[in-house]
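As stored in model37.csv (CSV, C-alpha atoms and all ligand atoms):
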```
chain,number,residue,atom,x,y,z
N,1,MET,CA,72.8,118.6,121.8
N,2,ASN,CA,71.4,122.0,120.9
N,3,THR,CA,73.0,122.5,117.5
N,4,LYS,CA,72.6,126.3,117.9
N,5,LEU,CA,75.4,126.3,120.5
N,6,LYS,CA,77.8,124.2,118.6
N,7,SER,CA,80.4,125.9,116.4
N,8,TYR,CA,81.7,124.0,113.4
N,9,ARG,CA,85.1,124.4,111.9
N,10,ASN,CA,85.3,126.5,108.8
N,11,PHE,CA,88.4,125.5,106.9
N,12,PRO,CA,89.8,126.4,103.5
N,13,MET,CA,90.4,123.9,100.7
N,14,VAL,CA,92.8,124.0,97.8
N,15,PRO,CA,90.9,126.4,95.4
N,16,ARG,CA,92.3,125.1,92.1
N,17,VAL,CA,93.4,121.6,91.1
N,18,VAL,CA,94.2,119.9,87.8
N,19,PHE,CA,94.3,116.1,87.5
N,20,GLY,CA,95.5,114.0,84.7
N,21,ARG,CA,98.5,112.2,83.2
N,22,GLY,CA,100.7,114.8,81.5
N,23,SER,CA,99.0,117.8,83.2
N,24,PHE,CA,102.4,118.8,84.5
N,25,ASN,CA,102.8,120.3,81.0
N,26,GLN,CA,100.3,123.0,81.9
N,27,LEU,CA,102.5,124.5,84.6
N,28,SER,CA,103.6,127.4,82.4
N,29,GLU,CA,100.0,128.4,81.3
N,30,ILE,CA,98.9,128.1,85.0
N,31,ILE,CA,101.5,130.2,86.6
N,32,SER,CA,102.0,132.9,83.8
N,33,PRO,CA,99.0,135.0,84.8
N,34,LYS,CA,100.3,135.0,88.4
N,35,ARG,CA,103.6,136.6,87.5
N,36,LYS,CA,103.7,140.0,89.3
N,37,SER,CA,106.6,141.5,87.3
N,38,ARG,CA,109.7,140.6,85.4
N,39,LYS,CA,111.7,141.1,88.6
N,40,ALA,CA,109.4,139.0,90.8
N,41,PRO,CA,110.5,135.5,90.0
N,42,PHE,CA,108.9,132.1,90.6
N,43,ILE,CA,111.0,130.0,92.9
N,44,ILE,CA,110.8,126.3,92.1
N,45,LEU,CA,111.8,123.9,94.8
N,46,VAL,CA,112.5,120.5,93.3
N,47,ASP,CA,113.4,117.2,95.0
N,48,ASP,CA,117.1,116.5,94.0
N,49,VAL,CA,116.2,113.0,93.1
N,50,PHE,CA,115.2,114.7,89.8
N,51,LYS,CA,118.6,116.3,89.2
N,52,GLY,CA,119.6,115.2,85.7
N,53,ASN,CA,116.2,113.8,84.9
N,54,ALA,CA,115.4,115.8,81.7
N,55,TRP,CA,112.1,114.0,81.3
N,56,LEU,CA,110.9,116.1,84.2
N,57,THR,CA,113.2,119.1,84.5
N,58,SER,CA,113.0,120.1,80.8
N,59,ARG,CA,109.3,120.7,81.3
N,60,ILE,CA,109.8,123.2,84.2
N,61,PRO,CA,109.2,126.6,82.7
N,62,LEU,CA,111.9,129.2,83.7
N,63,SER,CA,111.7,132.8,82.5
N,64,TYR,CA,113.3,136.1,83.6
N,65,ASP,CA,114.8,135.7,87.1
N,66,ASP,CA,113.0,132.4,88.0
N,67,ARG,CA,115.1,130.1,90.0
N,68,LEU,CA,115.1,126.3,90.4
N,69,ILE,CA,116.5,125.1,93.7
N,70,TYR,CA,117.2,121.4,94.2
N,71,ILE,CA,116.6,120.1,97.7
N,72,SER,CA,117.3,116.7,99.2
N,73,ALA,CA,114.4,114.8,100.7
N,74,ASN,CA,116.7,112.6,102.7
N,75,GLU,CA,115.8,114.4,105.9
N,76,GLU,CA,112.4,115.8,106.8
N,77,PRO,CA,112.0,119.6,106.7
N,78,LYS,CA,113.4,121.7,109.6
N,79,THR,CA,112.4,125.2,110.7
N,80,SER,CA,116.1,126.2,110.4
N,81,GLN,CA,116.1,125.0,106.8
N,82,VAL,CA,113.0,127.0,106.0
N,83,ASP,CA,114.6,130.1,107.6
N,84,ALA,CA,117.8,129.7,105.6
N,85,LEU,CA,115.9,129.2,102.3
N,86,VAL,CA,113.8,132.3,103.0
N,87,GLU,CA,116.8,134.4,103.7
N,88,GLU,CA,118.6,133.1,100.6
N,89,ILE,CA,115.5,133.9,98.5
N,90,ILE,CA,115.1,137.4,99.9
N,91,LEU,CA,118.8,138.2,99.4
N,92,SER,CA,118.8,136.9,95.8
N,93,THR,CA,115.6,138.4,94.5
N,94,LYS,CA,115.0,142.0,93.4
N,95,GLU,CA,111.3,141.9,94.4
N,96,ARG,CA,109.2,139.6,96.5
N,97,PRO,CA,108.7,136.4,94.4
N,98,SER,CA,105.6,135.9,92.4
N,99,GLY,CA,105.2,132.4,93.8
N,100,ILE,CA,106.8,129.3,95.2
N,101,ILE,CA,106.3,125.9,93.5
N,102,GLY,CA,107.1,122.7,95.2
N,103,ILE,CA,107.8,119.5,93.2
N,104,GLY,CA,108.4,116.3,95.1
N,105,GLY,CA,107.0,114.3,98.0
N,106,GLY,CA,105.6,115.5,101.3
N,107,THR,CA,109.1,116.9,102.2
N,108,LEU,CA,109.2,119.3,99.2
N,109,LEU,CA,105.5,120.1,99.4
N,110,ASP,CA,105.9,121.1,103.1
N,111,LEU,CA,109.0,123.1,102.4
N,112,ALA,CA,107.2,125.0,99.6
N,113,LYS,CA,104.2,125.8,101.9
N,114,ALA,CA,106.4,126.9,104.8
N,115,VAL,CA,108.7,129.1,102.6
N,116,SER,CA,105.6,130.8,101.0
N,117,ILE,CA,104.3,131.6,104.5
N,118,MET,CA,107.6,132.8,105.9
N,119,LEU,CA,108.2,135.2,102.9
N,120,THR,CA,105.3,137.3,104.3
N,121,ASN,CA,105.6,136.7,108.1
N,122,GLU,CA,108.4,137.9,110.3
N,123,GLY,CA,110.7,135.9,112.5
N,124,SER,CA,111.5,132.2,112.4
N,125,ALA,CA,109.3,129.4,111.1
N,126,SER,CA,109.5,127.9,114.6
N,127,ASP,CA,107.4,130.9,115.9
N,128,TYR,CA,104.5,129.6,113.9
N,129,GLN,CA,104.5,125.9,114.8
N,130,GLY,CA,101.1,125.3,116.2
N,131,TRP,CA,97.5,126.2,115.3
N,132,ASP,CA,96.5,129.4,113.7
N,133,LEU,CA,99.6,131.5,114.6
N,134,VAL,CA,100.2,132.8,111.0
N,135,LYS,CA,99.2,136.5,110.6
N,136,SER,CA,99.7,137.4,107.0
N,137,PRO,CA,98.6,135.4,103.9
N,138,ALA,CA,101.4,133.4,102.2
N,139,ILE,CA,102.5,134.2,98.7
N,140,TYR,CA,101.0,132.2,95.8
N,141,HIS,CA,102.1,128.6,96.2
N,142,VAL,CA,101.7,125.6,94.0
N,143,GLY,CA,102.1,121.9,94.9
N,144,ILE,CA,103.1,119.2,92.5
N,145,PRO,CA,103.3,115.8,94.2
N,146,THR,CA,105.7,113.2,92.7
N,147,ILE,CA,104.8,110.4,95.2
N,148,SER,CA,101.4,109.6,96.6
N,149,GLY,CA,100.2,109.1,100.2
N,150,THR,CA,100.9,111.9,102.6
N,151,GLY,CA,98.0,114.1,101.6
N,152,ALA,CA,100.4,117.1,102.0
N,153,GLU,CA,99.1,118.4,98.7
N,154,VAL,CA,95.7,119.1,100.2
N,155,SER,CA,96.3,119.6,103.9
N,156,ARG,CA,96.2,122.7,106.0
N,157,THR,CA,99.6,122.0,107.6
N,158,THR,CA,103.3,121.9,106.9
N,159,VAL,CA,105.1,119.6,109.3
N,160,LEU,CA,108.4,120.9,110.5
N,161,THR,CA,111.0,119.8,113.0
N,162,GLY,CA,112.0,122.8,115.1
N,163,PRO,CA,114.4,123.3,118.0
N,164,GLU,CA,111.8,122.3,120.5
N,165,LYS,CA,109.2,120.2,118.7
N,166,LYS,CA,108.0,118.5,115.6
N,167,LEU,CA,104.8,120.2,114.8
N,168,GLY,CA,103.0,121.6,111.8
N,169,ILE,CA,102.3,125.2,110.9
N,170,ASN,CA,98.5,124.7,110.8
N,171,SER,CA,96.8,127.7,109.4
N,172,ASP,CA,94.2,128.9,106.8
N,173,PHE,CA,97.1,130.3,104.8
N,174,THR,CA,99.0,127.0,104.6
N,175,PRO,CA,97.0,125.1,101.8
N,176,PHE,CA,98.3,125.5,98.3
N,177,ASP,CA,96.6,128.0,95.9
N,178,GLN,CA,97.0,125.5,93.1
N,179,VAL,CA,97.8,121.8,92.9
N,180,ILE,CA,98.8,119.8,89.9
N,181,LEU,CA,98.0,116.1,90.2
N,182,ASP,CA,99.9,114.3,87.4
N,183,PRO,CA,100.1,110.6,88.4
N,184,GLU,CA,102.7,110.0,85.7
N,185,LEU,CA,105.2,111.9,87.8
N,186,THR,CA,105.1,109.0,90.3
N,187,LYS,CA,106.1,106.3,87.8
N,188,ASP,CA,109.7,105.8,89.0
N,189,VAL,CA,109.1,105.8,92.8
N,190,PRO,CA,111.1,102.8,94.2
N,191,THR,CA,108.8,100.0,95.4
N,192,GLU,CA,109.6,100.2,99.1
N,193,GLN,CA,109.1,104.0,99.2
N,194,TRP,CA,105.9,103.6,97.2
N,195,PHE,CA,104.7,101.2,99.9
N,196,PHE,CA,105.7,103.3,102.9
N,197,THR,CA,104.3,106.6,101.6
N,198,GLY,CA,101.2,104.7,100.4
N,199,MET,CA,100.7,103.2,103.8
N,200,ASP,CA,100.8,106.7,105.3
N,201,CYS,CA,97.5,107.2,103.4
N,202,PHE,CA,96.2,103.8,104.5
N,203,ILE,CA,97.0,104.8,108.1
N,204,HIS,CA,95.3,108.2,107.7
N,205,CYS,CA,92.2,106.3,106.7
N,206,ILE,CA,92.3,103.8,109.6
N,207,GLU,CA,93.0,106.6,112.2
N,208,SER,CA,90.3,108.8,110.8
N,209,LEU,CA,87.6,106.2,110.3
N,210,ASN,CA,88.2,104.8,113.8
N,211,GLY,CA,88.5,108.1,115.5
N,212,THR,CA,86.0,109.8,117.8
N,213,TYR,CA,86.2,113.0,115.7
N,214,LEU,CA,84.6,111.2,112.7
N,215,ASN,CA,81.7,112.8,111.0
N,216,ALA,CA,80.0,112.2,107.7
N,217,PHE,CA,82.3,114.6,105.9
N,218,SER,CA,85.5,112.9,106.9
N,219,GLU,CA,83.9,109.5,106.7
N,220,SER,CA,83.0,110.0,103.0
N,221,TYR,CA,86.5,110.9,102.1
N,222,GLY,CA,88.1,108.3,104.4
N,223,GLU,CA,86.0,105.5,103.0
N,224,LYS,CA,86.8,106.4,99.4
N,225,ALA,CA,90.5,106.6,100.2
N,226,TYR,CA,90.4,103.3,102.0
N,227,GLU,CA,88.7,101.6,99.1
N,228,LEU,CA,91.3,103.0,96.7
N,229,CYS,CA,94.1,101.8,98.9
N,230,LEU,CA,92.7,98.3,98.9
N,231,GLU,CA,92.4,98.3,95.1
N,232,VAL,CA,96.0,99.4,94.9
N,233,PHE,CA,97.6,97.3,97.7
N,234,VAL,CA,95.4,94.3,98.1
N,235,VAL,CA,93.5,93.5,95.0
N,236,ASP,CA,96.5,94.3,92.9
N,237,LYS,CA,94.9,93.8,89.5
N,238,LEU,CA,95.5,97.2,88.1
N,239,THR,CA,97.8,98.4,85.4
N,240,PRO,CA,100.7,100.5,86.7
N,241,GLU,CA,99.0,103.6,85.2
N,242,GLU,CA,95.7,102.8,86.9
N,243,ALA,CA,97.5,102.1,90.2
N,244,GLN,CA,99.3,105.5,90.0
N,245,ASP,CA,96.1,107.3,89.2
N,246,LYS,CA,94.2,105.7,92.0
N,247,LEU,CA,96.9,106.1,94.7
N,248,MET,CA,97.1,109.8,93.8
N,249,MET,CA,93.4,110.2,94.4
N,250,ALA,CA,93.6,108.0,97.6
N,251,SER,CA,96.2,110.4,99.0
N,252,TRP,CA,94.0,113.4,98.2
N,253,HIS,CA,90.9,111.8,99.8
N,254,GLY,CA,92.9,110.6,102.8
N,255,GLY,CA,94.1,114.2,103.3
N,256,MET,CA,90.6,115.5,103.0
N,257,SER,CA,89.4,113.0,105.5
N,258,ILE,CA,91.8,114.0,108.2
N,259,ALA,CA,91.2,117.7,107.4
N,260,TYR,CA,87.9,117.4,109.3
N,261,SER,CA,88.9,114.7,111.8
N,262,GLN,CA,92.4,113.9,113.0
N,263,VAL,CA,95.1,111.2,112.8
N,264,GLY,CA,95.7,109.0,115.8
N,265,VAL,CA,98.0,106.7,117.8
N,266,ALA,CA,100.4,105.7,115.0
N,267,HIS,CA,101.0,109.3,114.1
N,268,ALA,CA,101.5,110.4,117.7
N,269,LEU,CA,104.1,107.7,118.3
N,270,SER,CA,105.7,108.1,115.0
N,271,TYR,CA,106.2,111.9,115.6
N,272,GLY,CA,108.2,110.9,118.8
N,273,LEU,CA,110.3,108.5,116.9
N,274,SER,CA,111.0,111.0,114.2
N,275,TYR,CA,111.9,113.7,116.6
N,276,LEU,CA,114.4,111.6,118.4
N,277,LEU,CA,115.8,109.3,115.7
N,278,GLY,CA,115.0,111.2,112.5
N,279,THR,CA,112.9,108.3,111.3
N,280,LYS,CA,111.0,109.4,108.2
N,281,HIS,CA,107.2,109.7,108.3
N,282,GLY,CA,106.2,106.9,106.0
N,283,ILE,CA,108.4,104.2,107.3
N,284,GLY,CA,108.1,105.5,110.9
N,285,ASN,CA,104.3,105.2,110.7
N,286,CYS,CA,104.6,101.6,109.4
N,287,ILE,CA,107.1,100.6,112.1
N,288,VAL,CA,104.7,101.9,114.8
N,289,PHE,CA,101.5,100.8,113.2
N,290,ASN,CA,102.8,97.2,113.0
N,291,HIS,CA,102.5,97.1,116.9
N,292,LEU,CA,99.1,98.7,117.3
N,293,GLU,CA,96.8,95.7,117.2
N,294,GLU,CA,95.3,96.8,120.6
N,295,PHE,CA,94.1,100.0,119.0
N,296,TYR,CA,93.4,99.1,115.4
N,297,PRO,CA,93.0,95.3,115.2
N,298,GLU,CA,91.6,95.0,111.7
N,299,GLY,CA,93.7,97.7,110.2
N,300,VAL,CA,96.9,96.2,111.6
N,301,LYS,CA,96.0,92.7,110.4
N,302,LEU,CA,95.4,94.0,106.9
N,303,PHE,CA,98.6,96.0,107.0
N,304,LYS,CA,100.6,92.9,107.9
N,305,ASP,CA,99.0,91.1,104.9
N,306,MET,CA,99.9,93.9,102.6
N,307,MET,CA,103.5,93.8,103.8
N,308,LYS,CA,103.7,90.1,103.0
N,309,LEU,CA,102.0,90.6,99.6
N,310,HIS,CA,104.6,93.2,98.6
N,311,ASN,CA,107.6,91.6,100.3
N,312,VAL,CA,108.3,94.5,102.5
N,313,GLU,CA,110.3,94.1,105.7
N,314,LEU,CA,110.6,96.6,108.5
N,315,PRO,CA,113.7,97.3,110.5
N,316,ILE,CA,113.5,95.9,114.1
N,317,GLY,CA,115.1,96.9,117.3
N,318,LEU,CA,115.1,100.6,116.7
N,319,CYS,CA,114.6,101.4,120.3
N,320,ALA,CA,116.7,98.5,121.7
N,321,ASN,CA,119.7,100.6,122.9
N,322,LEU,CA,117.9,103.7,124.0
N,323,GLU,CA,118.2,105.0,127.5
N,324,ASP,CA,115.4,106.2,129.8
N,325,HIS,CA,115.8,109.9,128.9
N,326,HIS,CA,115.4,109.0,125.2
N,327,PHE,CA,112.2,107.2,125.9
N,328,ASP,CA,111.1,110.3,127.9
N,329,THR,CA,111.8,112.6,125.0
N,330,MET,CA,109.7,110.4,122.6
N,331,ILE,CA,106.9,110.1,125.1
N,332,ASN,CA,106.8,113.8,125.7
N,333,VAL,CA,106.5,114.5,122.0
N,334,ALA,CA,103.8,111.9,121.6
N,335,LEU,CA,101.8,113.0,124.6
N,336,SER,CA,101.9,116.6,123.6
N,337,LEU,CA,99.8,115.9,120.5
N,338,GLU,CA,96.6,116.0,122.5
N,339,PRO,CA,94.1,116.3,119.6
N,340,LEU,CA,95.5,113.0,118.1
N,341,TRP,CA,94.9,111.2,121.4
N,342,GLU,CA,91.5,112.7,121.9
N,343,ASN,CA,90.5,111.6,118.4
N,344,ALA,CA,91.9,108.1,118.9
N,345,ILE,CA,90.6,107.4,122.4
N,346,GLY,CA,88.1,110.1,123.4
N,347,LYS,CA,88.0,113.0,125.8
N,348,ASP,CA,89.2,110.8,128.7
N,349,TRP,CA,92.3,109.6,127.0
N,350,LYS,CA,94.6,110.6,129.8
N,351,LYS,CA,93.1,107.9,132.0
N,352,THR,CA,94.4,105.1,129.8
N,353,ILE,CA,97.3,106.6,127.8
N,354,THR,CA,100.0,106.8,130.4
N,355,PRO,CA,103.8,107.3,129.9
N,356,GLU,CA,104.3,103.7,131.1
N,357,ARG,CA,102.0,102.4,128.4
N,358,LEU,CA,103.8,104.4,125.7
N,359,LYS,CA,107.2,103.3,127.0
N,360,ALA,CA,106.1,99.6,126.7
N,361,LEU,CA,104.9,100.3,123.1
N,362,TYR,CA,108.2,102.0,122.1
N,363,LYS,CA,110.2,99.2,123.7
N,364,LYS,CA,108.6,96.8,121.2
N,365,ILE,CA,109.8,98.8,118.3
N,401,LIG,P1,109.5,112.3,100.8
N,401,LIG,O1,109.1,113.6,100.2
N,401,LIG,O2,110.4,112.4,102.0
N,401,LIG,O3,110.2,111.4,99.7
N,401,LIG,C1,110.6,110.1,100.0
N,401,LIG,C2,111.6,109.6,99.0
N,401,LIG,O4,111.0,109.4,97.7
N,401,LIG,C3,112.7,110.6,98.8
N,401,LIG,O5,114.0,109.8,98.8
N,401,LIG,C4,112.4,111.2,97.5
N,401,LIG,O6,113.6,111.7,96.9
N,401,LIG,C5,111.8,110.1,96.8
N,401,LIG,N1,110.9,110.4,95.6
N,401,LIG,C6,109.9,111.3,95.6
N,401,LIG,N2,109.3,111.3,94.4
N,401,LIG,C7,110.0,110.4,93.7
N,401,LIG,C8,109.8,110.0,92.3
N,401,LIG,N3,108.8,110.4,91.5
N,401,LIG,N4,110.7,109.1,91.8
N,401,LIG,C9,111.7,108.6,92.6
N,401,LIG,N5,111.9,108.9,93.9
N,401,LIG,C10,111.0,109.8,94.4
N,401,LIG,O7,108.3,111.4,101.1
N,401,LIG,P2,106.8,111.5,101.6
N,401,LIG,O8,106.5,110.2,102.3
N,401,LIG,O9,106.0,111.9,100.4
N,401,LIG,O10,106.8,112.7,102.6
N,401,LIG,C11,107.2,112.6,103.9
N,401,LIG,C12,107.1,114.0,104.5
N,401,LIG,O11,105.8,114.5,104.4
N,401,LIG,C13,107.5,114.1,105.9
N,401,LIG,O12,108.3,115.2,106.1
N,401,LIG,C14,106.2,114.3,106.7
N,401,LIG,O13,106.3,115.0,107.9
N,401,LIG,C15,105.4,115.1,105.6
N,401,LIG,N6,103.9,114.9,105.8
N,401,LIG,C16,103.2,116.1,105.7
N,401,LIG,C17,101.8,116.0,105.8
N,401,LIG,C18,101.1,117.3,105.6
N,401,LIG,O14,99.8,117.2,105.7
N,401,LIG,N7,101.7,118.4,105.4
N,401,LIG,C19,101.2,114.8,105.9
N,401,LIG,C20,101.9,113.6,106.0
N,401,LIG,C21,103.3,113.7,105.9
N,402,ZN,ZN,100.8,110.9,107.8
```

Rewrite the structure of this file - the entire thing - as structure tokens.
Ligand code: NAD
Ligand code: ZN
Amino acid sequence: MNTKLKSYRNFPMVPRVVFGRGSFNQLSEIISPKRKSRKAPFIILVDDVFKGNAWLTSRIPLSYDDRLIYISANEEPKTSQVDALVEEIILSTKERPSGIIGIGGGTLLDLAKAVSIMLTNEGSASDYQGWDLVKSPAIYHVGIPTISGTGAEVSRTTVLTGPEKKLGINSDFTPFDQVILDPELTKDVPTEQWFFTGMDCFIHCIESLNGTYLNAFSESYGEKAYELCLEVFVVDKLTPEEAQDKLMMASWHGGMSIAYSQVGVAHALSYGLSYLLGTKHGIGNCIVFNHLEEFYPEGVKLFKDMMKLHNVELPIGLCANLEDHHFDTMINVALSLEPLWENAIGKDWKKTITPERLKALYKKI
């Protein structure tokens, strides 16, 4: 191909990141210079799993009108939830906030990204679900993950369920301005959740490394993330601290890998499942991936080995009692994610990925 005719993507990365156990203590010194005025508070969105957990919350710096808002991560973020939060913040602050800080897993990180965008863009968050629809830069936003795997800390999207679709706000304004990677914050994640969210990263690697969009950029990050996942989930010879450090970096590299490629079949099907049944991302990906030998034979075999090694069982019969129109809904959501299929199968994906084939896959779940 004549390289002069080809246009390459030019995407933003998180400009500032700190990594290290205990680095969470630097939050105050990091955000202080970003304060616009005494009346322009920082709004800190925190997973409510940390309510009453003084080890973490006592280290959150609050000054002037700063507000800490606890949010449940039991359900994935919705556009209506973002709209309500934005309205509440606008009504309760004297000036536009100095920044939004998200502390938690992918759910809280995505909420923080979306709220920071919607404080400077009119309308509903659902108006911006898609690619490059955001017009004005978001306000300063900081992401502090407390569980590793999604790559939401580094990605260019915030995944939201809206009235019509589950789709991210993908834009150059979505990535965090600052990320604090403190692996110690993940020390109390329950084992099953650790596995499901960690497998999100493993699946990112498999889908990226086996995709048609793969290039040397995404391959280099994907291979590193894959290697780290194996150290954490297969070799299993690490101290808890080493495992936390490595999984946090795996998540970062997995996110970087898909930044310049795409996810694939598991994510497309899992989005359908989540849209209809509210199945959460980590476990939903695992449930689907378990049945994808025909697409990712080696990855699925390894995944099953890891499930055994960590005594994880997946729910079965999720789609057993669904009716035809339910299947249609899931299939429509999955098929609408065209870039994921194109990455997984190639430009001609429509020839082999039919509604019937997806229905047969969903019926196994
Ligand atoms: P999550 O944020 O939903 O959290 C999962 C569970 O772990 C929750 O019950 C939460 O309270 C708990 N938890 C988190 N940290 C904990 C800690 N330190 N100790 C104890 N419990 C803790 O999980 P997730 O898997 O990180 O995120 C899933 C979300 O991320 C979905 O909404 C998905 O759409 C989104 N996602 C976004 C991207 C992106 O690029 N933006 C990528 C993948 C997934
Ligand atoms: Zn994912």

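Proximity of N:Leu185, N:Met330, N:Cys319, N:Ile258 to ligand LIG 401 (chain N), computed with only C-alpha atoms and all ligand atoms, is greatest for N:Leu185.
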
**Report entry** Residues within 10 Å of (115.8, 118.9, 86.9), file coords, all atoms listed in the file, listed as a PyMOL selection string
**Finding:** chain N and resi 46-60+68-70

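Here atom CA of N:Ala73 is placed at a distance of 21.4 Å from atom CA of N:Val288.
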
Requested in this report: Around the point (104.6, 120.6, 112.8) in the file's coordinates, collect all residues with an atom within 10 Å, using all atoms listed in the file, and return them as a PyMOL selection string.
Outcome: chain N and resi 77-79+110+126+128-131+157-162+165-170+271

Query raised in the report: ligand ZN 402 (chain N): which residues are within 8 Å, counting all atoms listed in the file, as JSON, numbers by chain?
Result: {"N": [149, 150, 151, 200, 201, 203, 204, 263, 267, 281, 282, 285]}

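Compared by their closest atoms to N:Leu322, and using all atoms listed in the file, the residues N:Lys301, N:Arg38, N:His141, N:Lys359 rank with N:Lys359 nearest.
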
Requested in this report: Quote the spacing between atom CA of N:Ala250 and atom CA of N:Leu228 in Å to one decimal place.
Outcome: 5.6 Å

**Report entry** Who sits within 9 Å of N:Ala243, all atoms listed in the file, same chain under 6 positions skipped, as number ranges by chain
**Finding:** N: 231-233, 236-237

Requested in this report: Give the answer as one residue: which of N:Phe173, N:Phe303, N:Trp341, N:Phe327 has the shortest atom-to-atom distance to N:Gly198, using all atoms listed in the file?
Outcome: N:Phe303

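Distances here use only C-alpha atoms and all ligand atoms; by that measure, the residue among N:Val312, N:Cys205, N:Leu238, N:Leu109 closest to ligand LIG 401 (chain N) is N:Leu109.
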
Requested in this report: Using atom CA of N:Leu340 and atom CA of N:Ile144 as the two end points, give the distance in Å to one decimal.
Outcome: 27.4 Å

Quick one: 8 Å padding each side, axis-aligned, all listed atoms of ligand LIG 401 (chain N) - centre and edge lengths in Å to one decimal, as JSON?
```
{"center_x": 106.9, "center_y": 113.5, "center_z": 99.7, "size_x": 30.2, "size_y": 25.8, "size_z": 32.4}
```

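In terms of minimum interatomic distance to ligand LIG 401 (chain N), N:Glu76 ranks closest within N:Glu241, N:Glu298, N:Glu76, N:Glu192, counting only C-alpha atoms and all ligand atoms.
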
Query - N:Asp65, N:Glu95, N:Asp182, N:Glu242 ranked by distance to ligand LIG 401 (chain N), top pick (using all atoms listed in the file) - result: N:Asp182

Long-range neighbours of stretch 121-125 of chain N as a PDB file with C-alpha atoms, in the coordinates of the input, 8 Å cut-off, only C-alpha atoms, 2 positions minimum in chain:
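The new file result06.pdb reads:
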```
ATOM      1  CA  THR N  79     112.400 125.200 110.700  1.00  0.00           C
ATOM      2  CA  SER N  80     116.100 126.200 110.400  1.00  0.00           C
ATOM      3  CA  VAL N  82     113.000 127.000 106.000  1.00  0.00           C
ATOM      4  CA  ASP N  83     114.600 130.100 107.600  1.00  0.00           C
ATOM      5  CA  ALA N 114     106.400 126.900 104.800  1.00  0.00           C
ATOM      6  CA  ILE N 117     104.300 131.600 104.500  1.00  0.00           C
ATOM      7  CA  MET N 118     107.600 132.800 105.900  1.00  0.00           C
ATOM      8  CA  LEU N 119     108.200 135.200 102.900  1.00  0.00           C
ATOM      9  CA  ASP N 127     107.400 130.900 115.900  1.00  0.00           C
ATOM     10  CA  TYR N 128     104.500 129.600 113.900  1.00  0.00           C
ATOM     11  CA  GLN N 129     104.500 125.900 114.800  1.00  0.00           C
ATOM     12  CA  VAL N 134     100.200 132.800 111.000  1.00  0.00           C
ATOM     13  CA  LYS N 135      99.200 136.500 110.600  1.00  0.00           C
ATOM     14  CA  SER N 136      99.700 137.400 107.000  1.00  0.00           C
ATOM     15  CA  ALA N 138     101.400 133.400 102.200  1.00  0.00           C
TER      16      ALA N 138
END
```
